[in-house]
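Source file: work.pdb; contents: PDB, C-alpha atoms.
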ATOM      1  CA  MET A   1       0.000   0.000   0.000  1.00  0.00           C
ATOM      2  CA  ASN A   2       1.483   3.326  -0.942  1.00  0.00           C
ATOM      3  CA  SER A   3       1.615   6.329   1.382  1.00  0.00           C
ATOM      4  CA  ALA A   4      -1.253   8.216  -0.297  1.00  0.00           C
ATOM      5  CA  ALA A   5      -3.640   5.293   0.164  1.00  0.00           C
ATOM      6  CA  LEU A   6      -2.555   4.802   3.777  1.00  0.00           C
ATOM      7  CA  THR A   7      -3.014   8.500   4.535  1.00  0.00           C
ATOM      8  CA  THR A   8      -6.477   8.519   2.945  1.00  0.00           C
ATOM      9  CA  MET A   9      -7.531   5.408   4.845  1.00  0.00           C
ATOM     10  CA  LEU A  10      -6.304   6.722   8.207  1.00  0.00           C
ATOM     11  CA  LEU A  11      -7.859  10.143   7.626  1.00  0.00           C
ATOM     12  CA  THR A  12     -11.213   8.599   6.682  1.00  0.00           C
ATOM     13  CA  GLN A  13     -11.230   6.281   9.680  1.00  0.00           C
ATOM     14  CA  GLY A  14     -10.282   9.170  11.962  1.00  0.00           C
ATOM     15  CA  ILE A  15     -13.148  11.313  10.670  1.00  0.00           C
ATOM     16  CA  VAL A  16     -15.663   8.488  11.082  1.00  0.00           C
ATOM     17  CA  ILE A  17     -14.460   7.790  14.641  1.00  0.00           C
ATOM     18  CA  CYS A  18     -14.708  11.496  15.534  1.00  0.00           C
ATOM     19  CA  PHE A  19     -18.275  11.766  14.186  1.00  0.00           C
ATOM     20  CA  THR A  20     -19.273   8.573  16.000  1.00  0.00           C
ATOM     21  CA  ALA A  21     -17.791   9.743  19.302  1.00  0.00           C
ATOM     22  CA  PHE A  22     -19.390  13.189  18.985  1.00  0.00           C
ATOM     23  CA  PHE A  23     -22.902  11.898  18.313  1.00  0.00           C
ATOM     24  CA  PHE A  24     -22.582   9.185  20.970  1.00  0.00           C
ATOM     25  CA  TYR A  25     -21.617  11.907  23.459  1.00  0.00           C
ATOM     26  CA  LYS A  26     -24.602  14.021  22.350  1.00  0.00           C
ATOM     27  CA  VAL A  27     -26.991  11.100  22.868  1.00  0.00           C
ATOM     28  CA  LEU A  28     -25.666  10.447  26.362  1.00  0.00           C
ATOM     29  CA  THR A  29     -25.681  14.087  27.507  1.00  0.00           C
ATOM     30  CA  THR A  30     -28.923  15.407  25.976  1.00  0.00           C
ATOM     31  CA  PRO A  31     -31.634  15.776  28.649  1.00  0.00           C
ATOM     32  CA  PRO A  32     -34.946  14.024  27.952  1.00  0.00           C
ATOM     33  CA  ARG A  33     -37.787  16.054  26.498  1.00  0.00           C
ATOM     34  CA  GLN A  34     -40.640  16.926  28.819  1.00  0.00           C
ATOM     35  CA  GLU A  35     -43.871  15.122  28.044  1.00  0.00           C
ATOM     36  CA  PRO A  36     -47.145  17.044  28.318  1.00  0.00           C
ATOM     37  CA  ASP A  37     -49.015  16.527  31.578  1.00  0.00           C
ATOM     38  CA  SER A  38     -52.573  16.613  30.317  1.00  0.00           C
ATOM     39  CA  TYR A  39     -54.510  15.358  27.353  1.00  0.00           C
ATOM     40  CA  GLU A  40     -55.215  18.920  26.195  1.00  0.00           C
ATOM     41  CA  ASP A  41     -51.505  19.516  25.664  1.00  0.00           C
ATOM     42  CA  ASN A  42     -51.300  16.585  23.231  1.00  0.00           C
ATOM     43  CA  ASP A  43     -52.042  18.368  19.973  1.00  0.00           C
ATOM     44  CA  ASP A  44     -50.893  15.460  17.841  1.00  0.00           C
ATOM     45  CA  GLU A  45     -53.237  12.915  19.455  1.00  0.00           C
ATOM     46  CA  LEU A  46     -56.460  11.908  17.758  1.00  0.00           C
ATOM     47  CA  VAL A  47     -59.616  13.528  19.100  1.00  0.00           C
ATOM     48  CA  ARG A  48     -61.810  10.882  20.695  1.00  0.00           C
ATOM     49  CA  LYS A  49     -65.583  11.150  20.730  1.00  0.00           C
ATOM     50  CA  ASN A  50     -67.500  10.825  23.981  1.00  0.00           C
ATOM     51  CA  ASP A  51     -69.854   7.861  23.808  1.00  0.00           C
TER      52      ASP A  51
END
Please, can you express the file's structure as structure tokens?
Amino acid sequence: MNSAALTTMLLTQGIVICFTAFFFYKVLTTPPRQEPDSYEDNDDELVRKND
């Protein structure tokens, strides 16, 4: 393997490892989203008819 191919391979693997580590860190440190407390706050829920 010549030096240009080795450099390209190591650079590509380094970039992929950095992206993976960054997004893994973001997943572990992002606080959970707050869920709405009442049914009225759920705008995306289907409206149910009273029987």
Atomic distance CA of Asn2 (chain A) - CA of Val16 (chain A), expressed in Å with one decimal: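 Computing the Euclidean distance for CA of Asn2 (chain A) and CA of Val16 (chain A) yields 21.6 Å.
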Gap from CA of Ala5 (chain A) to CA of Cys18 (chain A) - Å, one decimal: 19.9 Å
Please define a box with edges along x, y and z of the file around all atoms of region 14-32 of chain A given in the file, extend it by 5 Å on each side, and return its centre and edge lengths in Å to one decimal, as JSON.
{"center_x": -22.6, "center_y": 11.8, "center_z": 19.7, "size_x": 34.7, "size_y": 18.0, "size_z": 28.0}
